[in-house]
Every structure is written in structure tokens, then in C-alpha cells.
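Peer 1: This is coords_17.cif (mmCIF, C-alpha atoms).
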```
data_target
loop_
_atom_site.label_atom_id
_atom_site.label_comp_id
_atom_site.auth_asym_id
_atom_site.auth_seq_id
_atom_site.Cartn_x
_atom_site.Cartn_y
_atom_site.Cartn_z
CA MET A 1 -256.80 201.17 157.83
CA LYS A 2 -253.56 199.23 158.26
CA LYS A 3 -252.72 199.80 154.62
CA ILE A 4 -253.18 203.53 155.06
CA ILE A 5 -250.87 203.61 158.08
CA PHE A 6 -248.22 201.52 156.29
CA GLY A 7 -248.52 203.77 153.29
CA PHE A 8 -248.06 206.85 155.43
CA VAL A 9 -245.03 205.41 157.22
CA ALA A 10 -243.49 204.38 153.92
CA LEU A 11 -244.06 207.86 152.53
CA VAL A 12 -242.39 209.44 155.54
CA LEU A 13 -239.42 207.10 155.19
CA VAL A 14 -239.06 207.81 151.48
CA ASN A 15 -239.24 211.54 152.13
CA THR A 16 -236.61 211.23 154.86
CA VAL A 17 -234.27 209.36 152.54
CA LEU A 18 -234.87 211.81 149.73
CA ALA A 19 -234.33 214.75 152.06
CA ALA A 20 -230.94 213.48 153.21
CA LYS A 21 -228.28 215.23 151.20
CA GLU A 22 -224.72 214.30 150.41
CA VAL A 23 -221.91 216.77 150.99
CA ILE A 24 -218.75 215.94 149.11
CA VAL A 25 -215.33 216.57 150.60
CA ASP A 26 -212.33 215.88 148.40
CA GLN A 27 -208.88 214.99 149.68
CA LYS A 28 -206.42 216.60 147.32
CA ASN A 29 -202.82 217.73 147.77
CA LYS A 30 -203.05 216.61 151.40
CA THR A 31 -205.92 219.04 152.02
CA PHE A 32 -209.63 218.63 152.73
CA ILE A 33 -211.57 220.61 150.12
CA PRO A 34 -213.59 222.45 151.30
CA HIS A 35 -212.01 222.79 154.73
CA SER A 36 -215.35 223.32 156.50
CA VAL A 37 -218.86 221.98 155.85
CA THR A 38 -222.31 222.30 157.39
CA LEU A 39 -224.84 219.45 157.26
CA GLU A 40 -228.00 218.34 158.98
CA VAL A 41 -228.59 215.25 161.03
CA GLY A 42 -229.18 212.35 158.64
CA ASP A 43 -227.08 213.87 155.86
CA TYR A 44 -224.06 212.07 154.45
CA LEU A 45 -220.48 213.22 154.30
CA VAL A 46 -218.86 211.72 151.20
CA PHE A 47 -215.08 211.55 151.18
CA LYS A 48 -213.29 211.40 147.83
CA ASN A 49 -209.57 210.84 147.33
CA SER A 50 -208.11 212.65 144.34
CA ASP A 51 -204.50 212.14 145.43
CA ASP A 52 -202.50 209.20 144.14
CA PHE A 53 -201.83 207.87 147.62
CA ALA A 54 -204.01 206.65 150.49
CA HIS A 55 -205.89 208.89 152.89
CA ASN A 56 -208.15 208.45 155.90
CA ALA A 57 -210.76 210.48 157.78
CA TYR A 58 -211.80 210.12 161.38
CA THR A 59 -213.26 211.99 164.31
CA ASP A 60 -213.28 211.24 168.01
CA ASP A 61 -216.44 213.34 168.51
CA GLU A 62 -218.56 211.24 170.86
CA ALA A 63 -221.88 211.67 169.09
CA ASN A 64 -220.60 211.32 165.53
CA GLU A 65 -217.51 209.13 165.97
CA PHE A 66 -216.30 207.47 162.77
CA ASP A 67 -213.14 206.19 161.13
CA ILE A 68 -213.27 205.34 157.43
CA GLY A 69 -210.03 203.33 157.60
CA MET A 70 -207.54 203.29 154.76
CA GLN A 71 -208.98 205.07 151.72
CA PRO A 72 -207.14 204.15 148.51
CA PRO A 73 -206.95 206.67 145.63
CA GLY A 74 -210.18 207.00 143.66
CA VAL A 75 -212.33 205.31 146.28
CA ASP A 76 -215.30 207.13 147.88
CA LYS A 77 -216.39 206.60 151.47
CA LYS A 78 -219.72 207.75 152.91
CA VAL A 79 -220.53 208.60 156.54
CA LYS A 80 -223.96 209.44 158.00
CA MET A 81 -224.21 212.33 160.45
CA LYS A 82 -225.90 211.11 163.62
CA ALA A 83 -226.25 214.08 165.96
CA PRO A 84 -225.95 217.87 166.01
CA GLY A 85 -222.62 219.36 167.01
CA LYS A 86 -219.31 220.83 165.87
CA PHE A 87 -216.22 218.71 165.50
CA ASP A 88 -212.95 218.33 163.64
CA VAL A 89 -212.12 215.56 161.21
CA GLU A 90 -208.49 214.58 160.64
CA CYS A 91 -206.64 212.28 158.30
CA ALA A 92 -204.88 209.65 160.43
CA ILE A 93 -202.04 209.44 157.92
CA HIS A 94 -201.57 213.17 157.38
CA PRO A 95 -202.32 214.88 160.70
CA ASN A 96 -201.86 218.35 159.24
CA MET A 97 -205.13 217.87 157.32
CA LEU A 98 -208.13 219.31 159.11
CA LEU A 99 -211.85 219.49 158.26
CA GLU A 100 -214.33 221.44 160.38
CA VAL A 101 -217.79 219.89 160.45
CA THR A 102 -220.99 221.47 161.76
CA VAL A 103 -224.09 219.28 162.07
CA GLU A 104 -227.33 221.18 162.64
CA MET B 1 -193.92 236.98 170.00
CA LEU B 2 -191.53 235.17 167.75
CA VAL B 3 -187.82 234.51 167.86
CA LYS B 4 -185.98 236.14 165.02
CA ILE B 5 -183.30 234.12 163.32
CA GLY B 6 -181.44 236.38 160.95
CA LEU B 7 -184.58 237.93 159.52
CA SER B 8 -182.71 240.43 157.40
CA SER B 9 -180.55 237.75 155.82
CA LEU B 10 -183.64 235.74 155.15
CA LEU B 11 -185.30 238.66 153.38
CA ILE B 12 -182.23 239.21 151.23
CA ALA B 13 -182.19 235.50 150.51
CA SER B 14 -185.83 235.59 149.51
CA VAL B 15 -185.18 238.36 146.99
CA LEU B 16 -182.15 236.54 145.56
CA PHE B 17 -184.12 233.38 145.48
CA ALA B 18 -187.08 234.87 143.68
CA THR B 19 -184.84 235.92 140.83
CA SER B 20 -182.83 232.74 140.64
CA ALA B 21 -185.59 230.15 140.53
CA LYS B 22 -188.33 231.46 138.29
CA ASP B 23 -189.84 228.15 137.35
CA GLU B 24 -190.41 226.64 140.74
CA ASP B 25 -191.54 228.09 144.04
CA MET B 26 -188.76 227.03 146.36
CA SER B 27 -189.78 229.18 149.32
CA LYS B 28 -191.05 226.17 151.25
CA TRP B 29 -187.46 224.94 151.56
CA LEU B 30 -186.22 228.09 153.29
CA ARG B 31 -185.55 227.84 157.00
CA PRO B 32 -188.23 229.81 158.86
CA SER B 33 -187.24 232.99 160.63
CA THR B 34 -189.30 232.11 163.69
CA VAL B 35 -189.80 229.23 166.08
CA PRO B 36 -193.35 228.32 167.16
CA GLN B 37 -194.01 228.96 170.86
CA PRO B 38 -197.10 228.31 173.00
CA LYS B 39 -198.85 231.32 174.52
CA ASN B 40 -198.08 230.20 178.06
CA ASN B 41 -194.39 229.61 177.46
CA LYS B 42 -192.90 232.36 175.34
CA LEU B 43 -189.14 232.22 174.98
CA THR B 44 -187.03 234.35 177.27
CA LYS B 45 -183.32 234.32 177.96
CA GLU B 46 -183.99 233.18 181.54
CA ARG B 47 -186.18 230.26 180.48
CA ILE B 48 -183.67 229.06 177.88
CA GLU B 49 -180.84 229.27 180.42
CA LEU B 50 -182.81 227.35 183.06
CA GLY B 51 -183.83 224.74 180.49
CA ARG B 52 -180.22 224.29 179.40
CA TYR B 53 -179.18 223.41 182.95
CA LEU B 54 -182.08 221.00 183.40
CA TYR B 55 -181.45 219.36 180.01
CA PHE B 56 -177.89 218.41 180.93
CA ASP B 57 -178.45 217.74 184.65
CA GLU B 58 -178.15 214.05 185.56
CA ARG B 59 -179.86 214.70 188.90
CA LEU B 60 -183.16 214.65 187.02
CA SER B 61 -182.89 210.83 186.90
CA LYS B 62 -183.45 208.42 189.75
CA SER B 63 -179.94 207.00 189.44
CA GLY B 64 -178.39 210.47 189.18
CA LYS B 65 -176.49 209.27 186.13
CA ILE B 66 -178.80 210.02 183.20
CA SER B 67 -179.81 213.34 181.68
CA CYS B 68 -181.80 214.26 178.57
CA ALA B 69 -178.44 214.69 176.85
CA THR B 70 -177.46 211.08 177.54
CA CYS B 71 -179.69 209.99 174.66
CA HIS B 72 -179.93 213.32 172.82
CA HIS B 73 -176.41 214.74 172.88
CA PRO B 74 -175.35 217.77 170.85
CA HIS B 75 -172.07 216.10 169.87
CA ARG B 76 -173.89 213.00 168.65
CA GLY B 77 -176.41 214.57 166.28
CA TRP B 78 -178.75 215.20 169.24
CA THR B 79 -179.17 211.40 169.52
CA ASP B 80 -176.98 208.71 171.11
CA LEU B 81 -175.84 207.06 167.84
CA LYS B 82 -177.09 203.68 169.06
CA PRO B 83 -179.76 201.52 167.39
CA VAL B 84 -181.88 201.72 170.53
CA ALA B 85 -181.00 203.30 173.86
CA LYS B 86 -178.98 200.22 174.82
CA ALA B 87 -177.60 200.08 178.35
CA VAL B 88 -178.30 203.76 178.66
CA GLY B 89 -181.59 203.69 180.51
CA HIS B 90 -182.08 203.15 184.23
CA ALA B 91 -180.05 200.16 185.51
CA GLY B 92 -178.82 199.51 181.98
CA ARG B 93 -182.30 198.89 180.61
CA VAL B 94 -182.99 199.05 176.92
CA GLY B 95 -185.65 201.26 175.40
CA PRO B 96 -187.55 199.82 172.46
CA ARG B 97 -186.84 202.57 169.96
CA ASN B 98 -184.07 204.58 168.38
CA SER B 99 -183.47 207.91 170.11
CA PRO B 100 -184.77 210.53 167.67
CA THR B 101 -182.87 213.76 167.14
CA ILE B 102 -184.34 216.76 168.89
CA LEU B 103 -183.04 219.09 166.15
CA ASN B 104 -186.03 221.07 164.84
CA ALA B 105 -188.42 219.20 167.14
CA ALA B 106 -189.77 222.68 167.85
CA TYR B 107 -191.37 222.69 164.40
CA GLN B 108 -193.12 219.34 164.80
CA LYS B 109 -196.75 219.08 165.84
CA HIS B 110 -196.33 215.58 167.22
CA GLN B 111 -193.48 214.36 169.39
CA PHE B 112 -192.07 210.83 169.82
CA TRP B 113 -191.92 208.26 167.01
CA ASP B 114 -195.61 207.50 167.58
CA GLY B 115 -196.66 211.12 167.96
CA ARG B 116 -198.28 210.58 171.33
CA ALA B 117 -197.25 214.01 172.66
CA LYS B 118 -198.59 217.16 171.05
CA SER B 119 -196.05 219.62 172.44
CA LEU B 120 -192.46 219.77 173.59
CA GLU B 121 -193.77 220.48 177.09
CA GLU B 122 -195.80 217.27 177.05
CA GLN B 123 -192.90 215.31 175.60
CA ALA B 124 -190.27 216.48 178.06
CA LEU B 125 -191.66 214.59 181.04
CA GLY B 126 -192.08 211.25 179.24
CA PRO B 127 -188.44 210.09 179.29
CA ILE B 128 -187.93 211.48 182.80
CA GLU B 129 -190.70 209.20 184.11
CA ALA B 130 -190.11 206.17 181.85
CA ASP B 131 -188.72 203.21 183.76
CA VAL B 132 -186.43 202.28 180.85
CA GLU B 133 -185.07 205.79 180.77
CA MET B 134 -184.60 208.22 183.65
CA ASN B 135 -187.08 206.42 185.91
CA MET B 136 -187.83 209.47 188.06
CA PRO B 137 -191.37 209.78 189.52
CA LEU B 138 -192.58 213.33 188.92
CA ASP B 139 -193.36 214.03 192.59
CA ALA B 140 -189.79 213.02 193.47
CA LEU B 141 -188.49 215.21 190.64
CA GLU B 142 -190.35 218.26 191.94
CA LYS B 143 -189.07 217.61 195.45
CA LYS B 144 -185.48 217.27 194.28
CA ILE B 145 -185.48 220.43 192.15
CA LYS B 146 -187.19 222.44 194.90
CA SER B 147 -184.50 221.36 197.34
CA ILE B 148 -181.75 222.98 195.23
CA LYS B 149 -181.35 226.65 196.08
CA GLY B 150 -179.74 227.52 192.75
CA TYR B 151 -182.73 226.13 190.86
CA ARG B 152 -185.20 227.96 193.12
CA GLU B 153 -183.50 231.22 192.15
CA LEU B 154 -183.44 230.40 188.44
CA PHE B 155 -187.13 229.39 188.46
CA ALA B 156 -188.06 232.62 190.24
CA LYS B 157 -186.39 234.61 187.44
CA ALA B 158 -187.68 232.46 184.58
CA TYR B 159 -191.24 231.84 185.79
CA PRO B 160 -192.04 234.54 188.35
CA GLY B 161 -195.24 233.77 190.22
CA GLU B 162 -195.26 230.14 189.11
CA LYS B 163 -194.46 227.27 191.44
CA ILE B 164 -191.78 224.71 190.71
CA THR B 165 -193.78 221.79 189.40
CA ALA B 166 -193.29 219.07 186.82
CA LYS B 167 -195.10 221.38 184.40
CA THR B 168 -192.76 224.32 184.87
CA ILE B 169 -189.75 221.99 184.69
CA ALA B 170 -191.09 220.71 181.36
CA LYS B 171 -191.68 224.27 180.14
CA ALA B 172 -188.08 225.21 180.86
CA ILE B 173 -186.68 222.12 179.09
CA ALA B 174 -188.98 222.82 176.12
CA SER B 175 -187.69 226.40 175.99
CA PHE B 176 -184.12 225.18 175.65
CA GLU B 177 -185.14 222.65 173.00
CA ARG B 178 -186.71 225.46 170.95
CA THR B 179 -183.20 226.84 170.47
CA VAL B 180 -182.00 223.58 168.91
CA VAL B 181 -182.76 224.45 165.30
CA SER B 182 -180.95 223.98 162.01
CA THR B 183 -177.96 226.10 161.15
CA GLU B 184 -177.20 227.10 157.57
CA SER B 185 -176.29 224.10 155.44
CA PRO B 186 -174.86 224.01 151.89
CA PHE B 187 -178.43 223.27 150.75
CA ASP B 188 -179.70 226.46 152.39
CA LYS B 189 -177.02 228.48 150.62
CA TYR B 190 -177.98 226.83 147.33
CA ILE B 191 -181.66 227.57 147.82
CA LYS B 192 -180.79 231.17 148.59
CA GLY B 193 -179.06 231.51 145.24
CA ASP B 194 -175.47 230.30 145.68
CA LYS B 195 -175.30 227.78 142.86
CA THR B 196 -171.80 226.73 143.87
CA ALA B 197 -172.92 225.56 147.31
CA LEU B 198 -173.79 222.08 146.02
CA THR B 199 -171.50 219.81 144.05
CA THR B 200 -172.57 218.49 140.66
CA GLN B 201 -173.35 215.14 142.27
CA GLN B 202 -175.42 216.78 145.01
CA LYS B 203 -177.39 218.70 142.40
CA ARG B 204 -178.11 215.42 140.62
CA GLY B 205 -179.19 214.00 143.97
CA TRP B 206 -181.52 216.95 144.61
CA LYS B 207 -183.18 216.41 141.24
CA LEU B 208 -183.63 212.71 141.99
CA PHE B 209 -184.85 213.51 145.50
CA LYS B 210 -187.72 215.60 144.11
CA GLY B 211 -188.27 213.51 141.00
CA LYS B 212 -187.67 209.85 140.30
CA GLY B 213 -186.95 208.99 143.93
CA HIS B 214 -190.23 210.50 145.20
CA CYS B 215 -188.41 211.28 148.48
CA THR B 216 -190.46 214.45 148.87
CA ASP B 217 -193.65 212.38 149.11
CA CYS B 218 -192.72 212.10 152.80
CA HIS B 219 -189.61 214.26 153.33
CA ASP B 220 -191.12 217.58 152.34
CA ASN B 221 -190.75 221.26 153.27
CA PHE B 222 -187.80 222.96 154.98
CA ASN B 223 -187.61 220.36 157.73
CA PHE B 224 -187.73 217.49 155.23
CA THR B 225 -190.74 215.85 156.87
CA ASP B 226 -194.44 215.90 156.09
CA GLY B 227 -195.20 215.60 159.80
CA SER B 228 -197.11 212.43 158.96
CA PHE B 229 -197.00 208.78 159.95
CA HIS B 230 -196.21 205.87 157.63
CA ASN B 231 -195.56 202.15 157.64
CA ILE B 232 -192.51 201.85 155.40
CA GLY B 233 -192.43 198.07 155.29
CA LEU B 234 -189.54 197.22 157.59
CA HIS B 235 -191.34 194.01 158.56
CA ASP B 236 -193.56 191.70 156.57
CA GLY B 237 -196.99 190.36 157.49
CA GLU B 238 -198.53 190.88 160.90
CA LEU B 239 -196.43 192.70 163.46
CA LYS B 240 -196.78 190.09 166.19
CA GLY B 241 -194.25 190.76 168.90
CA LYS B 242 -192.97 193.79 167.02
CA GLU B 243 -193.49 197.50 167.28
CA LEU B 244 -197.01 198.66 166.38
CA GLY B 245 -196.09 202.35 166.40
CA ARG B 246 -198.95 204.84 166.49
CA TYR B 247 -201.44 201.96 166.69
CA ASN B 248 -200.46 201.72 170.36
CA VAL B 249 -201.70 205.28 170.92
CA LYS B 250 -205.12 204.29 169.58
CA PRO B 251 -205.85 201.15 167.55
CA ARG B 252 -206.95 202.84 164.34
CA LYS B 253 -206.54 200.65 161.25
CA ALA B 254 -204.60 203.40 159.47
CA TRP B 255 -202.13 203.54 162.38
CA TYR B 256 -201.03 199.92 162.21
CA GLY B 257 -197.23 199.89 162.27
CA VAL B 258 -196.86 203.56 161.34
CA PHE B 259 -194.16 205.87 162.66
CA LYS B 260 -193.48 209.56 162.24
CA THR B 261 -191.49 210.77 159.24
CA PRO B 262 -188.20 211.98 160.73
CA THR B 263 -186.47 215.19 159.68
CA LEU B 264 -183.55 214.82 157.28
CA ARG B 265 -181.83 217.95 158.55
CA ASP B 266 -178.34 216.98 159.80
CA VAL B 267 -179.31 213.39 159.02
CA ALA B 268 -175.72 212.40 158.26
CA LYS B 269 -174.93 213.08 161.93
CA SER B 270 -177.75 211.05 163.48
CA TYR B 271 -177.17 207.44 162.42
CA PRO B 272 -178.34 204.69 162.71
CA TYR B 273 -181.73 205.08 161.05
CA PHE B 274 -185.43 204.25 161.33
CA HIS B 275 -187.50 203.81 164.48
CA ASP B 276 -185.72 200.58 165.37
CA GLY B 277 -182.25 201.84 164.48
CA SER B 278 -181.86 198.78 162.26
CA VAL B 279 -180.08 200.55 159.41
CA LYS B 280 -176.53 201.78 159.81
CA THR B 281 -175.98 203.91 156.74
CA LEU B 282 -177.83 206.51 154.68
CA THR B 283 -177.10 204.44 151.59
CA GLU B 284 -178.95 201.45 152.99
CA ALA B 285 -181.80 203.63 154.28
CA THR B 286 -182.18 205.28 150.86
CA ALA B 287 -182.16 201.91 149.10
CA ILE B 288 -184.93 200.65 151.40
CA CYS B 289 -187.11 203.74 151.05
CA GLY B 290 -186.44 204.22 147.34
CA ASN B 291 -187.09 200.65 146.37
CA GLY B 292 -190.37 199.98 148.14
CA GLY B 293 -189.38 199.03 151.67
CA ARG B 294 -187.40 196.15 153.09
CA PHE B 295 -190.36 193.90 152.32
CA ASP B 296 -192.20 194.57 149.13
CA ARG B 297 -195.22 192.32 149.59
CA ASN B 298 -197.44 191.08 152.35
CA VAL B 299 -196.87 194.11 154.56
CA LYS B 300 -200.02 194.93 156.47
CA ASN B 301 -200.94 198.61 156.10
CA LYS B 302 -197.82 199.53 154.12
CA SER B 303 -197.82 203.14 152.94
CA THR B 304 -198.94 203.66 149.37
CA TYR B 305 -195.92 205.96 148.99
CA MET B 306 -193.64 202.96 149.32
CA LYS B 307 -193.16 201.86 145.73
CA ASP B 308 -190.14 200.51 143.93
CA ARG B 309 -188.67 203.56 142.21
CA HIS B 310 -186.03 201.42 140.49
CA LEU B 311 -183.16 203.56 141.69
CA THR B 312 -179.71 202.51 140.46
CA LYS B 313 -176.70 202.32 142.77
CA GLN B 314 -175.38 205.53 141.27
CA GLU B 315 -178.70 207.31 141.81
CA ILE B 316 -178.80 206.19 145.44
CA THR B 317 -175.25 207.47 145.90
CA ASP B 318 -176.28 210.81 144.38
CA ILE B 319 -179.28 211.13 146.72
CA VAL B 320 -177.09 210.33 149.72
CA ALA B 321 -174.60 212.99 148.59
CA PHE B 322 -177.48 215.45 148.46
CA MET B 323 -178.67 214.55 151.95
CA GLU B 324 -175.16 215.13 153.26
CA ALA B 325 -175.59 218.73 152.09
CA LEU B 326 -178.46 219.13 154.58
CA SER B 327 -176.01 219.34 157.50
CA GLY B 328 -175.00 222.71 158.86
CA PRO B 329 -172.45 223.56 161.53
CA ASP B 330 -173.32 222.14 164.96
CA VAL B 331 -175.79 224.21 166.97
CA ASP B 332 -173.78 226.51 169.22
CA VAL B 333 -174.67 225.26 172.68
CA LYS B 334 -172.60 225.58 175.82
CA ILE B 335 -172.68 222.33 177.77
CA PRO B 336 -172.70 223.20 181.48
CA THR B 337 -169.79 221.94 183.55
CA LYS B 338 -171.24 223.27 186.79
CA PHE B 339 -174.87 223.04 187.84
CA PRO B 340 -177.09 225.00 190.25
CA GLN B 341 -176.43 224.00 193.87
#
```
Please express the file's structure as C-alpha cells.

Peer 2:
Amino acid sequence: MKKIIFGFVALVLVNTVLAAKEVIVDQKNKTFIPHSVTLEVGDYLVFKNSDDFAHNAYTDDEANEFDIGMQPPGVDKKVKMKAPGKFDVECAIHPNMLLEVTVE
Amino acid sequence: MLVKIGLSSLLIASVLFATSAKDEDMSKWLRPSTVPQPKNNKLTKERIELGRYLYFDERLSKSGKISCATCHHPHRGWTDLKPVAKAVGHAGRVGPRNSPTILNAAYQKHQFWDGRAKSLEEQALGPIEADVEMNMPLDALEKKIKSIKGYRELFAKAYPGEKITAKTIAKAIASFERTVVSTESPFDKYIKGDKTALTTQQKRGWKLFKGKGHCTDCHDNFNFTDGSFHNIGLHDGELKGKELGRYNVKPRKAWYGVFKTPTLRDVAKSYPYFHDGSVKTLTEATAICGNGGRFDRNVKNKSTYMKDRHLTKQEITDIVAFMEALSGPDVDVKIPTKFPQ
């Protein structure tokens, strides 16, 4: 019986991981591309940097707060979405960059 | 509602420009025809006039000897031409940073070197309250301004239905500051199609500015700033005991030792340079920025823009000559000799 339960839990976990999707946002010409994204809780936001200088991405949204720190060119950074909500993401180096995120 | 600054001349310029620079879109270098204004503080003649009096009025300080213009004077490049506000603040105190120019501050999304204020209205009260500057508690400020009949009348005209508070005082000062914008420089004439407006050396400098020097990585668009924050490597290693810049606003890793990119408009008038006022000349400032910062290695969180561009002395001189072409005639402002009583 225990084996069945473990098997079931493992299956659920695998399905959860498989179900989580990655949404890619590129940072190019000091712009987030695309400028707005919609994800679900558990999904990952993947930041790329196609410029030849450093970027950053952060939000002060209470439920999804993150700060990827300095992101050198060519390096990807991944952030998991924790809770539903709408919030803005900015680049700490280039404050004119703005990304609108909706987590459902 | 937007303020119009020679819209017709700008349109003509745009047409001329479109035919004179086919290969490159230069429109981003044109001075805008409008000044951004918040919905709750649209510009009016009355608000600008009130703000002008407040800006130059030393009674806004606790000592009665310091005004906004003490550190941001129109005859001194809208700064005080000192490295830091030495012996200018209350009781001769010294502020920690160079007084930035307020020219074109109206176009900036973040105010102060560390960007801690998001509007001119928010910025205006900071120096009034700061103990190293005007040292005036805001409740005392309100009381003093309310006690002056002339100001009561001017506020009634400028902000009918609104009380005299620190907020309305800030709104009036911000209104005046929105009139402190660039006048037409030789560079503006050049961009509009007058190819004789720049000297041969300045044209070489312009080419270097956009090209080999990579100056536009940070000093971009008409106001010659990207509105961003960078650590340009003025100090090596950890910044113990030194200025942490925007990191003091919130300790984000990317904000360690970063400061706002200043405008280069009228930059020849607003020496010395950098947030600590440690550099006296444009030549030295250009050499530092163009050759990877004062310290090339071991700078924590140094901007990736700061690389050695291997500029020669002649190239630095050419870039400086170009930056001198970014100065226009002084903004036409009448400094009050008499104040509301």
C-alpha cells in the first residue's frame, strides 16, 4: 500500500514539474521583450540578456519579490512565480525598462 | 496640456533634418517641444511666477540665508561650482555630494544623484528639510509662508482652493524648475541642418562621442543621459566609508556604488564633475570615462560600460570640444530683487 501511495505522490510531483512552463523574456536594446507576459503559479520566468552590457530584473511585489542581481551578457536567470497577482518588473540599472507580469 | 517651445521652428527643423541626414535617424537628439507635467500640477503663468519667488527666497531656510539658488544658481550653471556644497549649508555644514544642475531636471524620471525622488515635487522639499542644507522643518516652513501676506495672495491665484502646505510649496517650486530647460546650442543648430554650426574639431568629437568613445552608452538622447544609474569606478574595492549611492535607497546588489547619469547639456558651465565633484575639468572627466574609470580593476559592481576605449589625448580634446557645443545661451530668468511681504 505504501508503495502505491509513494508512486502516486511521485507521479503528481512529476506531472507538476512537467506542467510548469518557462516564459522567456529577453533584454535587448534596453527593452524587455516582450513587454508583458502572463504565467501561472509555479511557472518560471527566464531572463535572457542579448545586450553586450549587464542588466538586472527585480520586483518589489510582496508575494513574488525577487532580484536576480547583476546579469552579465549572455547569461540566463530563472525565477519561479510563487503567487497570483499583477506586478511590474524593472531593471535596476536601466529604470526606463519595464515588464508587466500577470500570474494567474 | 503641454508647454510649447517653438513648435513651428521644431517642425521646420524636423523637415530640414530629415533631408540632411538620410543614413541615421537623428530625431532623438532634437530638443522636445514639450515639458512633462503631472496631472495635478499643470504649468500656469501664476504657478511659475510663485515658484520663481520661492526658489530664490532665502526665508525658506532656517537661517534665512540660504535659498534653492544658493546651490543651484542660474549664473553658475544651475549649480554652485563647488566640489560639494562646502560651507554653503546650514551653519556652514558640508553636504556629501556635488550639487547637480537643475537644467532639464524636468525631463528626468528620478531626481537626486541616487534617484530617491520620483518627481520634482518630491525632490523640492528634500534640501529644504536637510540639516546640511536649508534645515527648515516643513511645519515651520508652512507657518512662515502662511504668515507672509504677499505669498498668501500669490498662492490664492496659483492654486485656488488649495491650502498653503509643504506640498503646494513644492508644486510651485517644481513649476518654476520646469521652465529651466535647454536653450538652442550649436549642436542643436547642427542637428537641425546647419552644418556650419560645429567646427571641424567638434564634428570629429561628435563622431568619436557616438563611436570609438562609446559615450552614448550612457549619455544618450537629447538630454545626453540614459536616465540610468552606474558605478563608473571612481573608487576601487569595497566602498567602506565612501558613498554607496543608490544602494542607500535600497541595498540591491546592482545598486552598489551607482549614481545617476548626469545630463551633458550646458556641461561646460557646471564644473566640477561627478557625484563627488572630484574632477575639475571636462578633459579629466572624459579621460576617466573613456578609459575605463579611475580604477580599472577590483571595483565592486563597476558598470560593464566602463571599458578602456584607448582614446588618445587628441581624441579626448576633440570630444571635449564637442561637449562645449552642447551649451546654449543662459536660460532667460529674472532673479527677483524684491520678495512678497

Peer 1: May I have a table of the residues of chain A lying at most 10 Å from chain B, giving each one's closest pair of atoms and their distance in Å to one decimal, counting all atoms listed in the file, ordered by chain and ascending residue number, as a Markdown table?

Peer 2:
```
| residue | atom | partner | partner_atom | distance |
| --- | --- | --- | --- | --- |
| A:Lys30 | CA | B:Asp226 | CA | 9.8 |
| A:Asp52 | CA | B:Thr304 | CA | 8.4 |
| A:Phe53 | CA | B:Thr304 | CA | 5.4 |
| A:Ala54 | CA | B:Thr304 | CA | 6.0 |
| A:His55 | CA | B:Ala254 | CA | 8.7 |
| A:Asn56 | CA | B:Ala254 | CA | 7.1 |
| A:Ala57 | CA | B:Ala254 | CA | 9.5 |
| A:Tyr58 | CA | B:Arg252 | CA | 9.2 |
| A:Asp67 | CA | B:Arg252 | CA | 7.7 |
| A:Ile68 | CA | B:Lys253 | CA | 9.0 |
| A:Gly69 | CA | B:Lys253 | CA | 5.7 |
| A:Met70 | CA | B:Ala254 | CA | 5.6 |
| A:Gln71 | CA | B:Ala254 | CA | 9.1 |
| A:Pro72 | CA | B:Thr304 | CA | 8.3 |
| A:Pro73 | CA | B:Thr304 | CA | 9.3 |
| A:Cys91 | CA | B:Ala254 | CA | 9.2 |
| A:Ala92 | CA | B:Ala254 | CA | 6.3 |
| A:Ile93 | CA | B:Phe229 | CA | 5.5 |
| A:His94 | CA | B:Ser228 | CA | 4.8 |
| A:Pro95 | CA | B:Ser228 | CA | 6.0 |
| A:Asn96 | CA | B:Gly227 | CA | 7.2 |
| A:Met97 | CA | B:Ser228 | CA | 9.8 |
```

Peer 1: Considering all atoms listed in the file, state which residue in the set B:Lys144, B:Arg76, B:His310, B:Lys203 is at the smallest distance from Val267 of chain B.

Peer 2: B:Arg76

Peer 1: What does the distance from atom CA of Pro96 of chain B to atom CA of Asn135 of chain B come to in Å, to one decimal?

Peer 2: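 If I compute the distance from atom CA of Pro96 of chain B to atom CA of Asn135 of chain B, I get 15.0 Å.
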
Peer 1: Decode the PyMOL selection byres ((chain B and resi 316) around 9) for the given file into explicit residues and return them as an MDAnalysis selection string.

Peer 2: chainID B and resid 205 208 213 283:284 286:287 290 311:315 317:321

Peer 1: How would you write, as a count of residues only, the residues chosen by the PyMOL selection byres ((chain B and resi 236) around 12) on this structure?

Peer 2: 21

Peer 1: Given the file above and the PyMOL selection byres ((chain A and resi 75) around 9), which residues are selected, and can you give them as a PDB file with C-alpha atoms, in the frame of the given file?

Peer 2:
```pdb
ATOM      1  CA  PHE A  47    -215.080 211.550 151.180  1.00  0.00           C
ATOM      2  CA  LYS A  48    -213.290 211.400 147.830  1.00  0.00           C
ATOM      3  CA  ASN A  49    -209.570 210.840 147.330  1.00  0.00           C
ATOM      4  CA  SER A  50    -208.110 212.650 144.340  1.00  0.00           C
ATOM      5  CA  GLN A  71    -208.980 205.070 151.720  1.00  0.00           C
ATOM      6  CA  PRO A  72    -207.140 204.150 148.510  1.00  0.00           C
ATOM      7  CA  PRO A  73    -206.950 206.670 145.630  1.00  0.00           C
ATOM      8  CA  GLY A  74    -210.180 207.000 143.660  1.00  0.00           C
ATOM      9  CA  ASP A  76    -215.300 207.130 147.880  1.00  0.00           C
ATOM     10  CA  LYS A  77    -216.390 206.600 151.470  1.00  0.00           C
TER      11      LYS A  77
END
```

Peer 1: Report, in Å with one decimal, the straight-line distance from atom CA of Arg47 of chain B to atom CA of Lys149 of chain B.

Peer 2: 16.7 Å

Peer 1: Tell me, in Å to one decimal, how far atom CA of Pro262 of chain B is from atom CA of Lys167 of chain B.

Peer 2: 26.4 Å

Peer 1: List the spatial neighbours of Lys21 of chain A as a PyMOL selection string - criterion: any atom at most 12 Å away, only C-alpha atoms, same-chain residues fewer than 6 positions off excluded.

Peer 2: chain A and resi 15+38-46+78-81

Peer 1: Pick from B:Ser119, B:Asn221, B:Ser27, B:Asn248: nearest to Ser175 of chain B, with only C-alpha atoms counted?

Peer 2: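 For Ser175 of chain B, the nearest of the given residues is B:Ser119.
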
Peer 1: Which one is closest to Ser99 of chain B: B:Thr263, B:Ser270, B:Gln201, B:Thr179? Count all atoms listed in the file.

Peer 2: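 Result for the nearest residue to Ser99 of chain B: B:Ser270.
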